[in-house]
>>> print(open('final.cif').read())   # mmCIF, C-alpha atoms
data_query
loop_
_atom_site.label_atom_id
_atom_site.label_comp_id
_atom_site.auth_asym_id
_atom_site.auth_seq_id
_atom_site.Cartn_x
_atom_site.Cartn_y
_atom_site.Cartn_z
CA MET V 7 0.00 0.00 0.00
CA LEU V 8 1.42 3.41 -0.93
CA THR V 9 0.49 6.92 0.01
CA THR V 10 1.84 10.32 -1.00
CA ASN V 11 3.46 12.71 1.46
CA ARG V 12 3.24 16.48 1.20
CA ASN V 13 6.21 16.65 -1.19
CA GLY V 14 4.45 14.35 -3.64
CA ARG V 15 6.77 11.42 -2.81
CA ARG V 16 5.19 8.00 -2.67
CA VAL V 17 5.92 6.27 0.61
CA SER V 18 5.03 2.97 2.19
CA ALA V 19 1.92 3.10 4.33
CA TRP V 20 2.71 0.04 6.44
CA LEU V 21 2.37 2.09 9.59
CA TRP V 22 -1.10 3.27 8.59
CA LEU V 23 -2.19 -0.30 7.91
CA VAL V 24 -0.96 -1.47 11.32
CA LEU V 25 -2.71 1.43 13.04
CA LEU V 26 -5.93 0.74 11.19
CA LEU V 27 -5.84 -2.90 12.25
CA LEU V 28 -5.08 -1.96 15.83
CA SER V 29 -7.91 0.55 15.92
CA THR V 30 -10.41 -2.29 15.86
CA SER V 31 -9.21 -3.47 19.27
CA SER V 32 -10.34 -2.00 22.54
CA LEU V 33 -6.86 -0.60 23.21
CA ARG V 34 -7.18 2.53 25.33
CA GLN V 35 -3.73 3.20 26.74
CA ILE V 36 -0.36 1.64 26.05
CA HIS V 37 2.42 1.49 28.62
CA CYS V 38 5.92 1.11 27.22
CA GLN V 39 8.57 0.04 29.71
CA SER V 40 12.22 0.66 28.97
CA SER V 41 15.09 -1.53 30.09
CA GLU V 42 15.68 0.74 33.11
CA GLY V 43 12.07 0.60 34.24
CA GLU V 44 11.21 4.16 33.15
CA TYR V 45 7.95 4.45 31.29
CA PHE V 46 6.70 6.32 28.31
CA THR V 47 2.94 6.11 28.49
CA ALA V 48 1.29 6.24 25.13
CA GLY V 49 -2.06 7.96 25.27
CA SER V 50 -3.50 10.57 27.56
CA SER V 51 -6.65 11.46 29.38
CA HIS V 52 -7.49 14.44 27.18
CA GLU V 53 -8.74 14.52 23.63
CA GLN V 54 -6.04 15.06 21.01
CA PHE V 55 -6.53 16.72 17.67
CA CYS V 56 -4.43 16.04 14.61
CA GLU V 57 -2.68 18.99 13.03
CA THR V 58 -0.39 19.41 10.04
CA ILE V 59 3.30 19.38 10.92
CA GLU V 60 4.76 22.86 10.42
CA ALA V 61 8.42 22.16 11.28
CA PRO V 62 10.63 22.61 8.20
CA MET V 63 12.91 19.77 9.35
CA CYS V 64 9.98 17.33 9.32
CA MET V 65 8.38 18.30 6.01
CA ASP V 66 9.72 15.36 3.99
CA ILE V 67 9.07 12.45 6.33
CA PRO V 68 6.52 9.67 5.55
CA TYR V 69 3.70 11.35 7.51
CA ASN V 70 2.48 14.95 7.82
CA MET V 71 0.04 14.96 10.76
CA THR V 72 0.87 15.10 14.46
CA PHE V 73 -0.66 15.80 17.85
CA LEU V 74 0.72 17.24 21.04
CA PRO V 75 1.86 17.08 23.78
CA ASN V 76 4.75 14.97 22.53
CA LEU V 77 7.02 12.53 24.39
CA LEU V 78 9.13 15.41 25.69
CA GLY V 79 6.13 17.30 27.08
CA HIS V 80 6.06 20.04 24.45
CA GLU V 81 2.56 21.51 24.34
CA SER V 82 2.85 23.36 21.01
CA GLN V 83 4.52 22.93 17.65
CA VAL V 84 6.49 26.12 18.24
CA GLU V 85 7.94 24.68 21.45
CA ALA V 86 8.81 21.40 19.68
CA MET V 87 10.35 23.29 16.72
CA VAL V 88 12.65 25.24 19.03
CA ALA V 89 13.81 21.99 20.64
CA ILE V 90 14.37 20.06 17.40
CA GLN V 91 16.20 22.96 15.73
CA GLN V 92 19.35 22.29 17.75
CA PHE V 93 19.79 19.09 15.71
CA TYR V 94 19.54 20.81 12.33
CA PRO V 95 23.32 20.78 11.66
CA LEU V 96 23.48 17.02 12.28
CA VAL V 97 20.49 16.36 10.03
CA LYS V 98 21.97 18.64 7.37
CA ILE V 99 25.32 16.81 7.27
CA GLN V 100 23.46 13.47 7.29
CA CYS V 101 25.62 11.82 9.94
CA SER V 102 22.84 9.23 10.23
CA LYS V 103 20.18 8.39 7.67
CA HIS V 104 17.79 7.65 10.57
CA LEU V 105 18.32 10.81 12.63
CA GLN V 106 15.74 13.05 10.96
CA LEU V 107 12.86 10.57 11.17
CA PHE V 108 13.81 9.59 14.73
CA LEU V 109 13.83 13.22 15.89
CA CYS V 110 10.56 13.98 14.11
CA SER V 111 8.89 10.91 15.64
CA VAL V 112 9.82 12.15 19.12
CA HIS V 113 9.05 15.85 18.63
CA PHE V 114 6.09 15.43 16.24
CA PRO V 115 4.56 11.99 16.90
CA VAL V 116 2.47 10.53 14.12
CA CYS V 117 -1.23 11.22 14.48
CA ASN V 118 -3.09 7.92 14.34
CA VAL V 119 -6.52 6.41 14.72
CA LEU V 120 -5.67 5.14 18.21
CA GLY V 121 -5.05 8.66 19.48
CA VAL V 122 -1.93 7.51 21.34
CA ILE V 123 1.72 8.46 21.02
CA ILE V 124 3.72 5.70 19.39
CA PRO V 125 7.28 6.08 20.67
CA PRO V 126 10.30 5.21 18.54
CA CYS V 127 11.80 1.79 19.16
CA GLN V 128 15.02 1.58 21.16
CA SER V 129 16.80 -0.02 18.18
CA PHE V 130 15.71 2.86 15.92
CA CYS V 131 17.09 5.37 18.42
CA LYS V 132 20.40 3.51 18.52
CA ARG V 133 20.67 3.51 14.72
CA ALA V 134 19.96 7.24 14.63
CA ARG V 135 22.49 8.00 17.37
CA ARG V 136 25.22 5.67 16.13
CA GLY V 137 26.13 7.68 13.06
CA CYS V 138 26.19 11.03 14.84
CA ARG V 139 27.85 10.19 18.13
CA SER V 140 31.44 10.72 16.94
CA MET V 141 30.55 13.99 15.20
CA MET V 142 28.85 15.30 18.34
CA LYS V 143 31.79 14.25 20.50
CA LYS V 144 34.22 15.98 18.13
CA PHE V 145 32.46 19.29 18.74
CA GLY V 146 31.96 18.78 22.49
CA PHE V 147 28.29 17.82 22.46
CA ARG V 148 26.68 14.75 23.93
CA TRP V 149 23.46 12.92 23.19
CA PRO V 150 20.73 14.55 25.32
CA ASP V 151 19.44 12.62 28.33
CA SER V 152 15.88 13.27 27.16
CA LEU V 153 16.63 11.16 24.05
CA ARG V 154 18.53 8.34 25.76
CA CYS V 155 17.78 5.21 23.80
CA ASP V 156 17.15 3.11 26.90
CA ARG V 157 14.10 5.27 27.60
CA PHE V 158 12.35 3.84 24.53
CA PRO V 159 10.71 0.40 24.30
CA GLU V 160 12.61 -2.56 22.88
CA GLU V 161 9.46 -4.24 21.64
CA GLY V 162 5.71 -3.86 21.48
CA LEU V 163 4.04 -0.91 19.83
CA CYS V 164 6.87 1.37 18.73
CA PHE V 165 8.03 3.21 15.63
CA GLY V 166 10.95 2.36 13.31
CA ARG V 167 11.90 -1.24 13.97
#
>>> encode(input="final.cif", output="structure tokens")
Amino acid sequence: MLTTNRNGRRVSAWLWLVLLLLSTSSLRQIHCQSSEGEYFTAGSSHEQFCETIEAPMCMDIPYNMTFLPNLLGHESQVEAMVAIQQFYPLVKIQCSKHLQLFLCSVHFPVCNVLGVIIPPCQSFCKRARRGCRSMMKKFGFRWPDSLRCDRFPEEGLCFGR
């Protein structure tokens, strides 16, 4: 199954198919436990509305709708854009082919029929970080604690296996 993103590129819609199939279940809230016992809870007690992603860095990813608050607690797209902007140089030099989509999935989670945040998978985070770690170290930066890969689930409902 293919769909077209906002740049007219055809992309795989496997995620949409999975979400559609899951929407038929009575799933209300998903708890994702990391290896250190910290939790990202997918879902919330308030109604979420989908909105078009406005962040320039996330314009050419496979989806174009999001809802907030995100996994980092950002309440608005402006707040999330300010936070993601610090990674622009790394995305621009393409130190990792996974970095852009990983960052967008955290800052602008995909809007889905379940109405829950689907966190990135721990393995996806590691692939995104792996290519950029040496470049960050070279310039005296370290991977932010808020994006530590062990905070994301290893299995279950997660993004970017």
>>> closest_residue(input="final.cif", among="V:Ser152, V:Asn118, V:Gln106, V:Ser140", to="Gly166 of chain V", atoms="only C-alpha atoms")
V:Gln106
>>> resolve_selection(input="final.cif", expression="the PyMOL selection byres ((chain V and resi 97-100) around 12)", output="ChimeraX atom specification")
/V:62-64,90-96,101-110,134-138,141-142
>>> write_last_selection(input="final.cif", atoms="C-alpha atoms", output="PDB file, in the coordinates of the input")
ATOM      1  CA  PRO V  62      10.630  22.610   8.200  1.00  0.00           C
ATOM      2  CA  MET V  63      12.910  19.770   9.350  1.00  0.00           C
ATOM      3  CA  CYS V  64       9.980  17.330   9.320  1.00  0.00           C
ATOM      4  CA  ILE V  90      14.370  20.060  17.400  1.00  0.00           C
ATOM      5  CA  GLN V  91      16.200  22.960  15.730  1.00  0.00           C
ATOM      6  CA  GLN V  92      19.350  22.290  17.750  1.00  0.00           C
ATOM      7  CA  PHE V  93      19.790  19.090  15.710  1.00  0.00           C
ATOM      8  CA  TYR V  94      19.540  20.810  12.330  1.00  0.00           C
ATOM      9  CA  PRO V  95      23.320  20.780  11.660  1.00  0.00           C
ATOM     10  CA  LEU V  96      23.480  17.020  12.280  1.00  0.00           C
ATOM     11  CA  CYS V 101      25.620  11.820   9.940  1.00  0.00           C
ATOM     12  CA  SER V 102      22.840   9.230  10.230  1.00  0.00           C
ATOM     13  CA  LYS V 103      20.180   8.390   7.670  1.00  0.00           C
ATOM     14  CA  HIS V 104      17.790   7.650  10.570  1.00  0.00           C
ATOM     15  CA  LEU V 105      18.320  10.810  12.630  1.00  0.00           C
ATOM     16  CA  GLN V 106      15.740  13.050  10.960  1.00  0.00           C
ATOM     17  CA  LEU V 107      12.860  10.570  11.170  1.00  0.00           C
ATOM     18  CA  PHE V 108      13.810   9.590  14.730  1.00  0.00           C
ATOM     19  CA  LEU V 109      13.830  13.220  15.890  1.00  0.00           C
ATOM     20  CA  CYS V 110      10.560  13.980  14.110  1.00  0.00           C
ATOM     21  CA  ALA V 134      19.960   7.240  14.630  1.00  0.00           C
ATOM     22  CA  ARG V 135      22.490   8.000  17.370  1.00  0.00           C
ATOM     23  CA  ARG V 136      25.220   5.670  16.130  1.00  0.00           C
ATOM     24  CA  GLY V 137      26.130   7.680  13.060  1.00  0.00           C
ATOM     25  CA  CYS V 138      26.190  11.030  14.840  1.00  0.00           C
ATOM     26  CA  MET V 141      30.550  13.990  15.200  1.00  0.00           C
ATOM     27  CA  MET V 142      28.850  15.300  18.340  1.00  0.00           C
TER      28      MET V 142
END
>>> atom_distance(input="final.cif", atom1="atom CA of Thr58 of chain V", atom2="atom CA of Val116 of chain V")
10.2 Å
>>> atom_distance(input="final.cif", atom1="atom CA of Leu77 of chain V", atom2="atom CA of Arg157 of chain V")
10.6 Å
>>> atom_distance(input="final.cif", atom1="atom CA of Met87 of chain V", atom2="atom CA of Cys56 of chain V")
16.6 Å
>>> resolve_selection(input="final.cif", expression="the PyMOL selection byres ((chain V and resi 69) around 8)", output="VMD selection string")
chain V and resid 11 67 to 68 70 to 71 116
>>> closest_residue(input="final.cif", among="V:Lys132, V:His113, V:Lys143, V:Arg167", to="Cys155 of chain V", atoms="only C-alpha atoms")
V:Lys132
>>> closest_residue(input="final.cif", among="V:Trp149, V:Phe114, V:Phe165, V:Phe130", to="Ala86 of chain V", atoms="only C-alpha atoms")
V:Phe114
>>> closest_residue(input="final.cif", among="V:Pro115, V:Pro126, V:Pro150, V:Gly162", to="Asn76 of chain V", atoms="only C-alpha atoms")
V:Pro115
>>> axis_aligned_box(input="final.cif", around="segment 57-70 of chain V", padding_each_side="8 Å", output="JSON")
{"center_x": 5.1, "center_y": 16.3, "center_z": 8.5, "size_x": 31.6, "size_y": 29.2, "size_z": 25.0}
>>> residues_around(input="final.cif", residues="Phe158 of chain V", least_positions_apart="2", cutoff="6 Å", atoms="only C-alpha atoms", output="PDB file with C-alpha atoms, in the frame of the given file")
ATOM      1  CA  SER V  40      12.220   0.660  28.970  1.00  0.00           C
ATOM      2  CA  CYS V 127      11.800   1.790  19.160  1.00  0.00           C
ATOM      3  CA  GLN V 128      15.020   1.580  21.160  1.00  0.00           C
ATOM      4  CA  CYS V 155      17.780   5.210  23.800  1.00  0.00           C
ATOM      5  CA  ASP V 156      17.150   3.110  26.900  1.00  0.00           C
TER       6      ASP V 156
END
>>> closest_residue(input="final.cif", among="V:Phe55, V:Asp151, V:Met65, V:Val112", to="His80 of chain V", atoms="all atoms listed in the file")
V:Val112
